[in-house]
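> Below: one structure in structure tokens.
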Amino acid sequence: RWVVALLVVGLVLAGICAARGHLLPAAARWLDVGEPVRHADYAVVLPGGQNTRPFAAAALVKAGLVDHVLTTKNIRSPQVEDGILPPTHETTGRILRRRGVPEDKITVLEGETSSTFGDMRSLAAFLDDSPGSRALIITNDYHTRRARWVAARVLGDRLEQVSFVSAPMD
């Protein structure tokens, strides 16, 4: 029985490996729930993706599609504590300023976060103080489905105030 079970598992895994050229793109399309960009008051740059997300936000500001950019402050990592790396929100701010976003259009949300749940809680607190505002949440394409799922849990009815934008990637 064990030999047959191992053989079946091996054949299934071999089939998945052989079909990866079809399966992986389909999985990527399923994960990407980014929406067409429309005008919003804020672009929210989720931490990570420093090579894509801040650049997408800056392009949206330059195109006049968003008025301000919001970033979150991550809990300080050991590398940040030791002065090896700058905090993520500082790197994001530098990129935005270098790409032409004025300082007064960049806001760091209150509180430190360590997850997408924390990021969404910070956004929820901000939206409480800015009722009726619309925000574009910028993240990588493969992260949009999970980010939207988290946002639905945290924001509840306020989910209508946000849209998800897939930052362009290679």
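We label chains A, B, ... in the order they appear in the structure tokens, count residues from 1 in each chain, and number ligands from 1 in the order shown.
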In region 78-132 of chain A, what's helix (DSSP H, G or I) per DSSP? Answer as an NGL selection string?
:A and (78-81 or 88-98 or 103-105 or 116-129)
> As a ChimeraX atom specification, please: every residue in region 18-169 of chain A that DSSP puts in strand (DSSP E).
/A:40-45,66-74,106-113,135-140,162-167
> Using N, CA, C and O atoms, can you export the residues from the last selection as a compact mmCIF listing (two decimals), in the first residue's frame?

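Final file, part.txt:
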```txt
# COMPACT_ATOMS: atom_id res chain seq x y z
N ALA A 40 -8.75 58.87 -6.92
CA ALA A 40 -8.97 58.67 -5.48
C ALA A 40 -8.26 59.79 -4.74
O ALA A 40 -7.39 60.47 -5.30
N ASP A 41 -8.64 59.96 -3.48
CA ASP A 41 -7.99 60.97 -2.66
C ASP A 41 -6.58 60.55 -2.24
O ASP A 41 -5.68 61.38 -2.13
N TYR A 42 -6.42 59.25 -2.00
CA TYR A 42 -5.16 58.74 -1.46
C TYR A 42 -4.70 57.49 -2.18
O TYR A 42 -5.52 56.69 -2.61
N ALA A 43 -3.38 57.34 -2.26
CA ALA A 43 -2.77 56.08 -2.66
C ALA A 43 -2.10 55.54 -1.41
O ALA A 43 -1.36 56.27 -0.74
N VAL A 44 -2.36 54.29 -1.07
CA VAL A 44 -1.76 53.67 0.10
C VAL A 44 -0.70 52.69 -0.39
O VAL A 44 -1.01 51.72 -1.08
N VAL A 45 0.56 52.97 -0.05
CA VAL A 45 1.66 52.10 -0.45
C VAL A 45 1.90 51.10 0.68
O VAL A 45 2.38 51.48 1.75
N VAL A 66 -4.35 60.56 -8.02
CA VAL A 66 -4.46 60.62 -6.56
C VAL A 66 -3.87 61.93 -6.08
O VAL A 66 -3.00 62.51 -6.74
N ASP A 67 -4.36 62.39 -4.94
CA ASP A 67 -3.90 63.67 -4.40
C ASP A 67 -2.79 63.52 -3.38
O ASP A 67 -1.90 64.36 -3.30
N HIS A 68 -2.84 62.47 -2.58
CA HIS A 68 -1.86 62.26 -1.52
C HIS A 68 -1.46 60.79 -1.47
O HIS A 68 -2.19 59.93 -1.94
N VAL A 69 -0.29 60.54 -0.84
CA VAL A 69 0.20 59.17 -0.68
C VAL A 69 0.31 58.87 0.82
O VAL A 69 0.85 59.68 1.58
N LEU A 70 -0.21 57.72 1.21
CA LEU A 70 -0.12 57.26 2.59
C LEU A 70 0.82 56.06 2.65
O LEU A 70 0.79 55.20 1.78
N THR A 71 1.66 56.05 3.67
CA THR A 71 2.51 54.89 3.92
C THR A 71 2.31 54.45 5.36
O THR A 71 1.85 55.23 6.19
N THR A 72 2.66 53.22 5.65
CA THR A 72 2.58 52.73 7.03
C THR A 72 3.99 52.59 7.58
O THR A 72 4.96 52.49 6.84
N LYS A 73 4.08 52.60 8.89
CA LYS A 73 5.36 52.48 9.57
C LYS A 73 5.47 51.07 10.13
O LYS A 73 4.66 50.65 10.94
N ASN A 74 6.47 50.32 9.66
CA ASN A 74 6.69 48.97 10.14
C ASN A 74 7.36 48.97 11.50
O ASN A 74 8.10 49.90 11.83
N ILE A 106 2.75 63.54 1.26
CA ILE A 106 3.12 62.23 1.78
C ILE A 106 2.79 62.19 3.27
O ILE A 106 3.22 63.06 4.03
N THR A 107 2.02 61.19 3.68
CA THR A 107 1.63 61.05 5.09
C THR A 107 1.97 59.65 5.56
O THR A 107 1.64 58.67 4.90
N VAL A 108 2.63 59.58 6.72
CA VAL A 108 2.89 58.29 7.36
C VAL A 108 1.76 58.05 8.35
O VAL A 108 1.51 58.88 9.23
N LEU A 109 1.06 56.93 8.19
CA LEU A 109 -0.06 56.61 9.06
C LEU A 109 0.41 56.33 10.49
O LEU A 109 1.54 55.88 10.70
N GLU A 110 -0.47 56.58 11.44
CA GLU A 110 -0.16 56.39 12.86
C GLU A 110 0.04 54.91 13.19
O GLU A 110 -0.59 54.05 12.61
N GLY A 111 0.89 54.66 14.16
CA GLY A 111 1.11 53.31 14.66
C GLY A 111 2.12 52.54 13.85
O GLY A 111 2.38 52.84 12.69
N GLU A 112 2.72 51.55 14.49
CA GLU A 112 3.66 50.67 13.81
C GLU A 112 2.97 49.35 13.53
O GLU A 112 2.19 48.85 14.35
N THR A 113 3.24 48.78 12.37
CA THR A 113 2.57 47.55 11.96
C THR A 113 3.60 46.46 11.66
O THR A 113 4.77 46.75 11.38
N ALA A 135 -9.49 55.57 -1.40
CA ALA A 135 -8.08 55.22 -1.39
C ALA A 135 -7.79 54.08 -2.36
O ALA A 135 -8.62 53.17 -2.52
N LEU A 136 -6.66 54.16 -3.01
CA LEU A 136 -6.16 53.07 -3.85
C LEU A 136 -5.06 52.37 -3.07
O LEU A 136 -4.09 53.00 -2.67
N ILE A 137 -5.21 51.10 -2.82
CA ILE A 137 -4.20 50.34 -2.11
C ILE A 137 -3.28 49.72 -3.15
O ILE A 137 -3.72 48.93 -4.00
N ILE A 138 -2.01 50.10 -3.09
CA ILE A 138 -1.04 49.64 -4.08
C ILE A 138 -0.20 48.52 -3.50
O ILE A 138 0.43 48.67 -2.45
N THR A 139 -0.21 47.39 -4.19
CA THR A 139 0.60 46.25 -3.79
C THR A 139 0.94 45.46 -5.04
O THR A 139 0.51 45.81 -6.14
N ASN A 140 1.72 44.41 -4.88
CA ASN A 140 2.08 43.60 -6.03
C ASN A 140 0.90 42.75 -6.48
O ASN A 140 0.03 42.41 -5.68
N VAL A 162 -12.20 51.72 -0.81
CA VAL A 162 -10.87 51.38 -1.32
C VAL A 162 -10.96 50.55 -2.60
O VAL A 162 -11.94 49.85 -2.84
N SER A 163 -9.92 50.68 -3.39
CA SER A 163 -9.73 49.85 -4.58
C SER A 163 -8.31 49.32 -4.52
O SER A 163 -7.45 49.90 -3.86
N PHE A 164 -8.04 48.27 -5.23
CA PHE A 164 -6.72 47.64 -5.20
C PHE A 164 -6.05 47.78 -6.55
O PHE A 164 -6.64 47.48 -7.58
N VAL A 165 -4.81 48.25 -6.51
CA VAL A 165 -4.04 48.49 -7.72
C VAL A 165 -2.84 47.56 -7.74
O VAL A 165 -2.09 47.50 -6.76
N SER A 166 -2.67 46.84 -8.82
CA SER A 166 -1.51 45.95 -8.99
C SER A 166 -0.34 46.78 -9.51
O SER A 166 -0.42 47.35 -10.61
N ALA A 167 0.72 46.85 -8.73
CA ALA A 167 1.91 47.55 -9.18
C ALA A 167 2.55 46.75 -10.32
O ALA A 167 2.65 45.52 -10.23
```
> Need the shell around Trp149 (chain A): protein/DNA/RNA residues with any atom at most 12 Å away, counting only C-alpha atoms. Skip same-chain ones fewer than 2 positions apart. Format as a PyMOL selection string?
chain A and resi 31+33+116-117+120+143-147+151-156+159+164
> Taking only C-alpha atoms into account, which of A:Gly100, A:Gly83, A:Gly118, A:Gly48 comes nearest Ala63 (chain A)?
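The shortest atom-to-atom distance to Ala63 (chain A) comes from A:Gly100.
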